[in-house]
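S.K.: So I've got this file, start-v7.cif, and it contains mmCIF, C-alpha atoms:
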```
data_structure
loop_
_atom_site.label_atom_id
_atom_site.label_comp_id
_atom_site.auth_asym_id
_atom_site.auth_seq_id
_atom_site.Cartn_x
_atom_site.Cartn_y
_atom_site.Cartn_z
CA MET E 1 114.92 66.52 71.49
CA PRO E 2 115.10 69.86 73.31
CA ARG E 3 114.40 69.91 77.02
CA GLN E 4 110.77 70.80 77.73
CA VAL E 5 110.40 74.24 79.36
CA ASP E 6 107.44 75.12 81.55
CA VAL E 7 106.46 78.41 79.86
CA GLY E 8 104.42 79.76 82.76
CA ARG E 9 107.21 79.04 85.25
CA ARG E 10 109.88 80.51 82.99
CA ARG E 11 107.91 83.73 82.57
CA LYS E 12 107.46 83.96 86.35
CA GLU E 13 111.23 83.53 86.89
CA ILE E 14 111.80 86.37 84.44
CA TYR E 15 109.25 88.58 86.22
CA GLU E 16 110.87 87.93 89.60
CA ALA E 17 114.21 89.01 88.15
CA VAL E 18 112.57 92.19 86.79
CA PHE E 19 111.02 92.98 90.19
CA ARG E 20 114.33 92.55 92.03
CA LEU E 21 116.15 94.80 89.54
CA LEU E 22 113.42 97.48 89.57
CA VAL E 23 113.53 97.62 93.36
CA ARG E 24 117.34 97.71 93.45
CA GLY E 25 117.98 100.21 90.69
CA GLY E 26 114.89 101.40 88.81
CA VAL E 27 113.81 100.86 85.22
CA GLU E 28 117.21 101.40 83.56
CA GLN E 29 118.67 98.54 85.57
CA ALA E 30 116.11 96.15 84.10
CA SER E 31 117.42 95.81 80.52
CA LEU E 32 116.79 92.48 78.77
CA ARG E 33 120.47 91.60 79.28
CA LYS E 34 120.52 92.40 82.99
CA VAL E 35 117.22 90.59 83.52
CA ALA E 36 118.63 87.52 81.76
CA ASP E 37 121.73 87.66 84.00
CA GLU E 38 119.63 88.12 87.12
CA ALA E 39 117.40 85.17 86.18
CA GLY E 40 120.39 82.98 85.29
CA LEU E 41 119.23 82.66 81.66
CA ASN E 42 120.83 83.58 78.37
CA ILE E 43 119.40 86.60 76.62
CA GLY E 44 117.94 84.45 73.83
CA ALA E 45 115.69 82.74 76.38
CA VAL E 46 114.34 86.14 77.49
CA ARG E 47 113.92 87.33 73.87
CA ASN E 48 111.86 84.19 73.28
CA TYR E 49 109.12 85.75 75.38
CA PHE E 50 109.70 89.50 75.11
CA ASP E 51 110.73 91.45 72.03
CA ASN E 52 112.00 94.49 73.89
CA HIS E 53 112.46 96.23 77.21
CA GLU E 54 109.13 98.06 77.11
CA GLU E 55 107.21 94.85 76.42
CA LEU E 56 108.96 93.13 79.33
CA MET E 57 108.22 96.04 81.71
CA THR E 58 104.54 96.24 80.82
CA ALA E 59 104.16 92.43 81.14
CA ALA E 60 105.86 92.51 84.56
CA ALA E 61 103.62 95.36 85.72
CA ARG E 62 100.57 93.49 84.47
CA GLU E 63 101.67 90.44 86.46
CA ILE E 64 101.70 92.64 89.60
CA LEU E 65 98.27 94.04 88.76
CA ASP E 66 96.93 90.47 88.31
CA ARG E 67 98.28 89.42 91.71
CA ILE E 68 96.71 92.40 93.47
CA SER E 69 93.42 91.88 91.60
CA ALA E 70 93.35 88.19 92.59
CA ARG E 71 93.62 89.18 96.27
CA LEU E 72 90.92 91.81 95.87
CA TYR E 73 88.56 89.30 94.23
CA ALA E 74 89.20 86.90 97.11
CA ASP E 75 88.30 89.69 99.57
CA LEU E 76 85.13 90.42 97.59
CA ALA E 77 84.21 86.74 97.67
CA GLU E 78 84.63 86.76 101.48
CA LEU E 79 82.42 89.83 101.64
CA GLU E 80 79.74 88.13 99.58
CA ALA E 81 80.05 85.07 101.81
CA GLY E 82 79.00 87.27 104.72
CA ALA E 83 82.22 88.82 106.10
CA ASP E 84 81.86 92.05 108.11
CA PRO E 85 81.67 94.82 105.45
CA ALA E 86 83.86 97.32 107.33
CA GLU E 87 86.50 94.65 107.96
CA ALA E 88 86.41 93.49 104.34
CA ALA E 89 86.74 97.07 103.07
CA ARG E 90 89.72 97.66 105.34
CA LYS E 91 91.34 94.44 104.13
CA MET E 92 90.95 95.52 100.51
CA LEU E 93 92.57 98.89 101.18
CA CYS E 94 95.42 97.11 102.94
CA GLU E 95 96.11 95.10 99.78
CA LEU E 96 97.24 98.41 98.24
CA LEU E 97 99.63 99.53 101.01
CA PRO E 98 103.30 98.46 101.31
CA LEU E 99 102.72 96.66 104.61
CA ASP E 100 105.03 93.70 104.02
CA GLU E 101 107.84 92.65 101.67
CA THR E 102 105.49 91.43 98.94
CA ARG E 103 103.40 94.60 98.93
CA ARG E 104 106.53 96.78 99.15
CA TYR E 105 107.73 95.13 95.92
CA GLU E 106 104.36 95.57 94.30
CA THR E 107 104.05 99.21 95.32
CA THR E 108 107.57 99.92 94.11
CA VAL E 109 106.91 98.42 90.68
CA MET E 110 103.63 100.34 90.37
CA PHE E 111 105.12 103.72 91.32
CA THR E 112 108.20 103.20 89.17
CA LEU E 113 106.02 102.56 86.15
CA ALA E 114 103.70 105.47 86.99
CA GLU E 115 106.69 107.82 87.19
CA ARG E 116 108.00 106.57 83.82
CA GLY E 117 104.50 106.84 82.40
CA ARG E 118 105.05 110.60 82.29
CA PHE E 119 107.07 110.09 79.11
CA THR E 120 106.47 106.47 78.02
CA PRO E 121 102.95 106.04 76.53
CA ALA E 122 102.73 102.25 77.16
CA TYR E 123 103.45 102.79 80.87
CA ALA E 124 101.06 105.74 81.02
CA GLU E 125 98.26 103.48 79.79
CA LEU E 126 98.96 100.87 82.46
CA SER E 127 99.37 103.57 85.06
CA ALA E 128 95.95 105.03 84.16
CA GLU E 129 94.46 101.54 84.51
CA ILE E 130 95.85 101.25 88.04
CA HIS E 131 94.73 104.78 88.91
CA ASP E 132 91.20 104.25 87.61
CA GLY E 133 90.90 100.70 89.01
CA THR E 134 91.87 101.87 92.50
CA ARG E 135 89.33 104.66 92.36
CA ARG E 136 86.55 102.36 91.10
CA LEU E 137 87.27 99.96 93.97
CA ILE E 138 87.26 102.72 96.60
CA HIS E 139 84.14 104.30 95.09
CA GLU E 140 82.38 100.92 95.37
CA ILE E 141 83.54 100.42 99.00
CA LEU E 142 82.39 103.91 100.05
CA THR E 143 79.08 103.64 98.19
CA ARG E 144 78.29 100.29 99.87
CA ALA E 145 79.12 101.90 103.22
CA GLY E 146 76.62 104.70 102.54
CA ILE E 147 79.26 107.45 102.71
CA ALA E 148 78.07 110.91 101.61
CA ASP E 149 80.04 113.09 99.14
CA VAL E 150 81.31 109.87 97.59
CA GLU E 151 83.14 111.45 94.61
CA VAL E 152 85.38 113.70 96.68
CA GLU E 153 85.72 111.09 99.46
CA THR E 154 86.90 108.57 96.86
CA GLU E 155 89.67 110.84 95.62
CA ARG E 156 90.57 111.80 99.19
CA LEU E 157 90.97 108.18 100.30
CA ALA E 158 92.68 107.11 97.04
CA SER E 159 95.18 109.98 97.29
CA LEU E 160 95.79 109.17 100.94
CA ILE E 161 96.55 105.54 100.01
CA ASP E 162 98.81 106.73 97.17
CA GLY E 163 100.69 109.12 99.48
CA LEU E 164 101.16 106.49 102.18
CA GLY E 165 102.33 104.02 99.54
CA PHE E 166 104.78 106.43 97.94
CA ASN E 167 106.31 107.36 101.28
CA GLY E 168 106.28 103.71 102.30
CA ILE E 169 108.67 102.86 99.49
CA THR E 170 110.78 106.03 99.27
CA HIS E 171 111.32 107.16 102.85
CA ARG E 172 114.25 105.85 104.92
CA PRO E 173 113.62 104.38 107.38
CA PRO E 174 110.26 103.35 105.88
CA PRO E 175 107.21 104.14 108.01
CA THR E 176 106.27 101.07 110.04
CA PRO E 177 103.25 99.01 108.96
CA ALA E 178 101.73 99.91 112.35
CA PHE E 179 101.94 103.64 111.56
CA GLN E 180 100.51 103.21 108.05
CA LEU E 181 97.61 101.25 109.55
CA GLU E 182 97.12 103.86 112.27
CA VAL E 183 96.64 106.57 109.62
CA LEU E 184 94.32 104.38 107.53
CA ASP E 185 92.23 103.34 110.55
CA PHE E 186 92.05 106.93 111.77
CA HIS E 187 90.73 107.98 108.36
CA LEU E 188 88.15 105.17 108.24
CA ASP E 189 87.05 106.05 111.77
CA GLN E 190 86.64 109.73 110.83
CA LEU E 191 84.62 108.67 107.77
CA ARG E 192 82.23 106.79 110.05
CA ARG E 193 81.99 109.73 112.46
CA THR E 194 81.17 112.23 109.72
CA ASN E 195 78.54 109.93 108.21
CA PRO E 196 76.21 109.57 111.21
CA ASP E 197 73.35 108.02 109.20
CA ARG E 198 75.41 104.93 108.92
CA ARG E 199 75.83 104.66 112.69
CA ARG E 200 72.09 104.77 113.28
CA HIS E 201 71.35 101.72 111.13
CA MET N 202 139.82 139.80 78.47
CA PRO N 203 137.17 137.07 78.82
CA ARG N 204 133.56 138.13 78.75
CA GLN N 205 132.21 138.58 82.28
CA VAL N 206 129.66 135.88 83.17
CA ASP N 207 126.94 136.46 85.74
CA VAL N 208 127.47 133.31 87.82
CA GLY N 209 124.07 133.38 89.47
CA ARG N 210 122.29 133.83 86.16
CA ARG N 211 124.34 131.13 84.46
CA ARG N 212 123.52 128.64 87.20
CA LYS N 213 119.83 129.48 86.89
CA GLU N 214 119.95 128.91 83.11
CA ILE N 215 121.48 125.51 83.77
CA TYR N 216 118.82 124.66 86.37
CA GLU N 217 116.03 125.62 83.97
CA ALA N 218 117.52 123.28 81.38
CA VAL N 219 117.64 120.51 84.00
CA PHE N 220 114.00 121.06 84.95
CA ARG N 221 112.82 120.93 81.33
CA LEU N 222 114.75 117.71 80.68
CA LEU N 223 113.56 116.05 83.92
CA VAL N 224 109.94 116.84 83.05
CA ARG N 225 110.36 115.65 79.44
CA GLY N 226 112.30 112.45 80.05
CA GLY N 227 113.31 111.80 83.66
CA VAL N 228 116.72 111.73 85.30
CA GLU N 229 118.58 109.82 82.57
CA GLN N 230 117.72 112.53 80.06
CA ALA N 231 119.50 115.11 82.21
CA SER N 232 123.15 114.17 81.62
CA LEU N 233 125.72 116.99 81.76
CA ARG N 234 125.99 116.86 77.95
CA LYS N 235 122.24 117.00 77.34
CA VAL N 236 121.84 119.78 79.91
CA ALA N 237 124.61 121.75 78.17
CA ASP N 238 122.86 121.27 74.80
CA GLU N 239 119.48 122.25 76.26
CA ALA N 240 120.95 125.38 77.83
CA GLY N 241 122.84 126.29 74.63
CA LEU N 242 126.21 126.05 76.44
CA ASN N 243 129.25 123.93 75.83
CA ILE N 244 129.83 121.11 78.30
CA GLY N 245 132.90 122.83 79.74
CA ALA N 246 130.71 125.71 80.91
CA VAL N 247 128.49 123.25 82.79
CA ARG N 248 131.48 121.39 84.23
CA ASN N 249 132.70 124.75 85.53
CA TYR N 250 129.90 124.64 88.08
CA PHE N 251 129.11 120.94 88.51
CA ASP N 252 131.58 118.07 88.67
CA ASN N 253 129.09 115.36 87.82
CA HIS N 254 125.49 114.44 87.11
CA GLU N 255 124.61 113.71 90.74
CA GLU N 256 125.95 117.07 91.90
CA LEU N 257 123.95 118.86 89.21
CA MET N 258 120.75 116.97 90.12
CA THR N 259 121.03 117.68 93.83
CA ALA N 260 121.81 121.36 93.19
CA ALA N 261 118.78 121.63 90.89
CA ALA N 262 116.54 119.95 93.46
CA ARG N 263 117.85 122.27 96.16
CA GLU N 264 117.02 125.25 93.94
CA ILE N 265 113.42 123.99 93.78
CA LEU N 266 113.34 123.52 97.55
CA ASP N 267 114.62 127.08 98.03
CA ARG N 268 111.92 128.50 95.77
CA ILE N 269 109.16 126.65 97.63
CA SER N 270 110.63 127.65 101.00
CA ALA N 271 110.77 131.31 99.94
CA ARG N 272 107.04 131.23 99.14
CA LEU N 273 106.27 129.49 102.44
CA TYR N 274 108.24 132.10 104.40
CA ALA N 275 106.32 134.84 102.59
CA ASP N 276 103.05 133.14 103.61
CA LEU N 277 104.28 132.92 107.21
CA ALA N 278 105.16 136.61 107.16
CA GLU N 279 101.61 137.40 105.96
CA LEU N 280 100.26 135.27 108.76
CA GLU N 281 102.34 137.12 111.31
CA ALA N 282 101.20 140.40 109.78
CA GLY N 283 97.65 139.40 110.72
CA ALA N 284 96.32 137.37 107.76
CA ASP N 285 93.41 135.00 108.47
CA PRO N 286 95.07 131.83 109.91
CA ALA N 287 92.85 129.35 108.04
CA GLU N 288 93.40 131.17 104.75
CA ALA N 289 97.16 131.38 105.33
CA ALA N 290 97.34 127.67 106.17
CA ARG N 291 95.42 126.80 103.01
CA LYS N 292 97.73 129.00 100.95
CA MET N 293 100.80 127.22 102.36
CA LEU N 294 99.37 123.80 101.52
CA CYS N 295 98.62 125.03 98.01
CA GLU N 296 102.31 125.90 97.53
CA LEU N 297 102.92 122.12 97.60
CA LEU N 298 100.31 121.08 95.03
CA PRO N 299 100.83 121.04 91.22
CA LEU N 300 98.16 123.69 90.64
CA ASP N 301 99.90 125.60 87.85
CA GLU N 302 102.79 125.14 85.41
CA THR N 303 105.43 126.30 87.93
CA ARG N 304 104.22 123.99 90.69
CA ARG N 305 103.79 121.10 88.22
CA TYR N 306 107.49 121.47 87.36
CA GLU N 307 108.46 121.66 91.01
CA THR N 308 106.36 118.65 91.99
CA THR N 309 107.76 116.65 89.09
CA VAL N 310 111.37 117.39 90.06
CA MET N 311 110.65 116.51 93.72
CA PHE N 312 108.95 113.18 92.93
CA THR N 313 111.54 112.22 90.34
CA LEU N 314 114.30 112.72 92.90
CA ALA N 315 112.33 110.92 95.63
CA GLU N 316 111.84 107.91 93.35
CA ARG N 317 115.57 107.85 92.49
CA GLY N 318 116.38 108.27 96.16
CA ARG N 319 115.43 104.61 96.62
CA PHE N 320 118.86 103.71 95.25
CA THR N 321 120.89 106.96 95.15
CA PRO N 322 121.94 108.05 98.68
CA ALA N 323 122.44 111.76 97.82
CA TYR N 324 118.88 111.96 96.48
CA ALA N 325 117.54 109.97 99.45
CA GLU N 326 118.99 112.59 101.81
CA LEU N 327 117.34 115.44 99.92
CA SER N 328 114.14 113.49 99.66
CA ALA N 329 114.10 112.93 103.44
CA GLU N 330 114.61 116.67 103.92
CA ILE N 331 111.52 117.41 101.78
CA HIS N 332 109.52 114.69 103.53
CA ASP N 333 110.43 115.91 107.01
CA GLY N 334 110.12 119.61 106.12
CA THR N 335 106.60 119.11 104.75
CA ARG N 336 105.57 117.26 107.88
CA ARG N 337 107.06 119.90 110.20
CA LEU N 338 105.16 122.60 108.33
CA ILE N 339 101.86 120.72 108.45
CA HIS N 340 102.39 119.81 112.13
CA GLU N 341 102.88 123.50 112.87
CA ILE N 342 99.77 124.52 110.90
CA LEU N 343 97.59 121.91 112.61
CA THR N 344 98.98 122.69 116.07
CA ARG N 345 98.28 126.42 115.63
CA ALA N 346 94.74 125.52 114.52
CA GLY N 347 94.20 123.52 117.72
CA ILE N 348 93.59 120.23 115.87
CA ALA N 349 93.45 117.12 118.11
CA ASP N 350 95.41 113.92 117.30
CA VAL N 351 97.99 116.12 115.65
CA GLU N 352 100.59 113.39 114.93
CA VAL N 353 98.26 111.16 112.95
CA GLU N 354 96.48 114.16 111.40
CA THR N 355 99.83 115.49 110.21
CA GLU N 356 100.69 112.27 108.40
CA ARG N 357 97.15 112.00 107.05
CA LEU N 358 97.25 115.49 105.52
CA ALA N 359 100.88 115.17 104.34
CA SER N 360 100.12 111.84 102.63
CA LEU N 361 96.99 113.31 101.08
CA ILE N 362 99.05 116.19 99.65
CA ASP N 363 101.68 113.72 98.41
CA GLY N 364 99.05 111.53 96.75
CA LEU N 365 97.33 114.49 95.09
CA GLY N 366 100.72 115.77 93.92
CA PHE N 367 101.85 112.43 92.53
CA ASN N 368 98.62 111.95 90.61
CA GLY N 369 98.73 115.56 89.52
CA ILE N 370 101.96 114.94 87.65
CA THR N 371 101.51 111.32 86.49
CA HIS N 372 97.86 111.03 85.50
CA ARG N 373 96.68 111.87 81.95
CA PRO N 374 94.71 114.00 81.68
CA PRO N 375 95.97 115.61 84.90
CA PRO N 376 93.33 116.31 87.55
CA THR N 377 92.19 119.92 87.23
CA PRO N 378 93.42 122.46 89.80
CA ALA N 379 89.74 122.90 90.74
CA PHE N 380 89.41 119.21 91.64
CA GLN N 381 92.66 119.16 93.62
CA LEU N 382 91.44 122.20 95.56
CA GLU N 383 88.03 120.61 96.09
CA VAL N 384 89.67 117.60 97.77
CA LEU N 385 91.97 119.79 99.87
CA ASP N 386 89.14 122.10 100.95
CA PHE N 387 86.90 119.16 101.75
CA HIS N 388 89.63 117.74 103.98
CA LEU N 389 90.23 121.07 105.75
CA ASP N 390 86.49 121.45 106.26
CA GLN N 391 86.24 117.95 107.75
CA LEU N 392 89.16 118.77 110.04
CA ARG N 393 87.24 121.77 111.34
CA ARG N 394 84.06 119.72 111.79
CA THR N 395 85.79 116.99 113.76
CA ASN N 396 87.53 119.54 115.99
CA PRO N 397 84.47 121.27 117.42
CA ASP N 398 86.41 123.11 120.16
CA ARG N 399 87.85 125.27 117.48
CA ARG N 400 84.44 126.26 116.16
CA ARG N 401 83.26 127.45 119.55
CA HIS N 402 86.03 130.02 119.93
#
```
Could you write out this structure as structure tokens?
M.R.:
Amino acid sequence: MPRQVDVGRRRKEIYEAVFRLLVRGGVEQASLRKVADEAGLNIGAVRNYFDNHEELMTAAAREILDRISARLYADLAELEAGADPAEAARKMLCELLPLDETRRYETTVMFTLAERGRFTPAYAELSAEIHDGTRRLIHEILTRAGIADVEVETERLASLIDGLGFNGITHRPPPTPAFQLEVLDFHLDQLRRTNPDRRRH
Amino acid sequence: MPRQVDVGRRRKEIYEAVFRLLVRGGVEQASLRKVADEAGLNIGAVRNYFDNHEELMTAAAREILDRISARLYADLAELEAGADPAEAARKMLCELLPLDETRRYETTVMFTLAERGRFTPAYAELSAEIHDGTRRLIHEILTRAGIADVEVETERLASLIDGLGFNGITHRPPPTPAFQLEVLDFHLDQLRRTNPDRRRH
């Protein structure tokens, strides 16, 4: 009788191998064979779950998206349980910045896929989902906060987060988490200052 | 007697082939052989100028940097010749956004190299030069405009430009030039509003 394999755990091991290879060497380093080597599996075990490279990459990116979404839902639940709205909003935005090792990995995977999405339709689709999801979230946060000019403010804050994230993973030495937070907090503070109605309530 | 080749023109033909391939398929599509094919040259002609792929990529990226710098110096000259400072500053920032086909190509080459710079030291060096150069320029613009909190404002505006640029080349359909300009102008307008000293002069 063949040894029982925990499918969920095996897939997660494969994803972790993908993430490490993407961070070390980009998409071309994450072939099915190299991923199998990195995970200490034979290639047949990887092919059991993923037919080809593109399928593996999109599944790995979706795993990252699910992890970020789970944190955002937890933040939303805190908010609905009565957390300070400004603090909850800030926490949600911080989920999207490369402020620690986990989020650096996540941001790297997201940007790598977005860059490849320029010429790989499956990645472009996923990349659009991330782009639109981020903007929906920020739009919701700014609307709840009563910010004026919410359409342009949404794109401004989303692009700021994207720029900080991109530099956070590409620049050497990477900007410190403290500096990334300083820029974010400065922006949020300016948003409050230029929306005086909110201060009066 | 061999036919005389215009070295400068030949190099430019090779760069244009590199740019087209980078935009169509990323760095791996721009091998010396594929670049030679794209430029309608034999590979020996390309090897005449570039020993390897990395050398060709860095030379092509430097060509882009030179083109952007030339435009920025022209803007600075206009400024020194008495152009409206706010208008000149806006024009310089627009040189960095993917607002037309030329700037879309340039932005794509820059971001592609920055992404690869995560694991290719030669690209990381060039990428740092772009990163630092952009920030020096913006720091100078904001200092001349008398903007307070200039360090954090510099990173805020530079990251905003980076985020708009990255989305401008990765998102489908790409954000319209009008929308990119709306976000930039909104930001510049907010900067003026939150720096009231400047308005009084």
S.K.: Return as a VMD selection string the set of residues that the PyMOL selection byres ((chain E) within 8 of (chain N)) yields on the displayed structure.
M.R.: chain E and resid 23 to 26 112 114 to 119 124 127 to 128 131 152 to 153 155 to 164 166 to 167 169 to 172 182 to 183 186 to 187 190 194
S.K.: Please determine the residues with any atom at most 12 Å from (134.5, 127.5, 80.8) (coordinates as given in the file, with only C-alpha atoms counting) and report them as a PyMOL selection string.
M.R.: chain N and resi 203-206+208+211+237+242-251
S.K.: Could the residues in this selection be written to a file with C-alpha atoms, as a compact mmCIF listing (two decimals), keeping the file's coordinate frame?
M.R.:
```txt
# COMPACT_ATOMS: atom_id res chain seq x y z
CA PRO N 203 137.17 137.07 78.82
CA ARG N 204 133.56 138.13 78.75
CA GLN N 205 132.21 138.58 82.28
CA VAL N 206 129.66 135.88 83.17
CA VAL N 208 127.47 133.31 87.82
CA ARG N 211 124.34 131.13 84.46
CA ALA N 237 124.61 121.75 78.17
CA LEU N 242 126.21 126.05 76.44
CA ASN N 243 129.25 123.93 75.83
CA ILE N 244 129.83 121.11 78.30
CA GLY N 245 132.90 122.83 79.74
CA ALA N 246 130.71 125.71 80.91
CA VAL N 247 128.49 123.25 82.79
CA ARG N 248 131.48 121.39 84.23
CA ASN N 249 132.70 124.75 85.53
CA TYR N 250 129.90 124.64 88.08
CA PHE N 251 129.11 120.94 88.51
```
S.K.: Which residues match the PyMOL selection byres ((chain E and resi 63) around 12) in the file above, as a PyMOL selection string?
M.R.: chain E and resi 8+11-16+18-19+56-62+64-70+106+109-110+126
S.K.: Might you spell out which residues the PyMOL selection byres ((chain N and resi 298) around 9) would select in the displayed file, as JSON, numbers by chain?
M.R.: {"N": [294, 295, 296, 297, 299, 300, 301, 304, 305, 308, 362, 363, 365, 366, 369, 378, 381, 382]}
S.K.: Which distance in Å separates atom CA of E:Arg136 and atom CA of E:Asp189, to one decimal?
M.R.: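 According to the coordinates, atom CA of E:Arg136 and atom CA of E:Asp189 are separated by 21.0 Å.
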S.K.: Using Å and a single decimal, report how far atom CA of E:Ala86 sits from atom CA of E:Leu188.
M.R.: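 Atom CA of E:Ala86 lies at a distance of 9.0 Å from atom CA of E:Leu188.
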S.K.: What's the separation between atom CA of E:Glu87 and atom CA of E:Asp185, in Å to one decimal place?
M.R.: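 Those two atoms sit 10.7 Å apart.
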S.K.: With 8 Å on each side, where is the centre of the axis-aligned box around all listed atoms of stretch 273-284 of chain N, and how long are its edges in Å to one decimal, as lines of an AutoDock Vina configuration file?
M.R.:
```
center_x = 102.3
center_y = 134.9
center_z = 106.9
size_x = 27.9
size_y = 26.9
size_z = 24.9
```
S.K.: Restricting the calculation to only C-alpha atoms, which member of E:Pro196, E:Arg9, E:Leu21, E:Pro85 is positioned closest to E:Ala148?
M.R.: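 The closest residue to E:Ala148 is E:Pro196.
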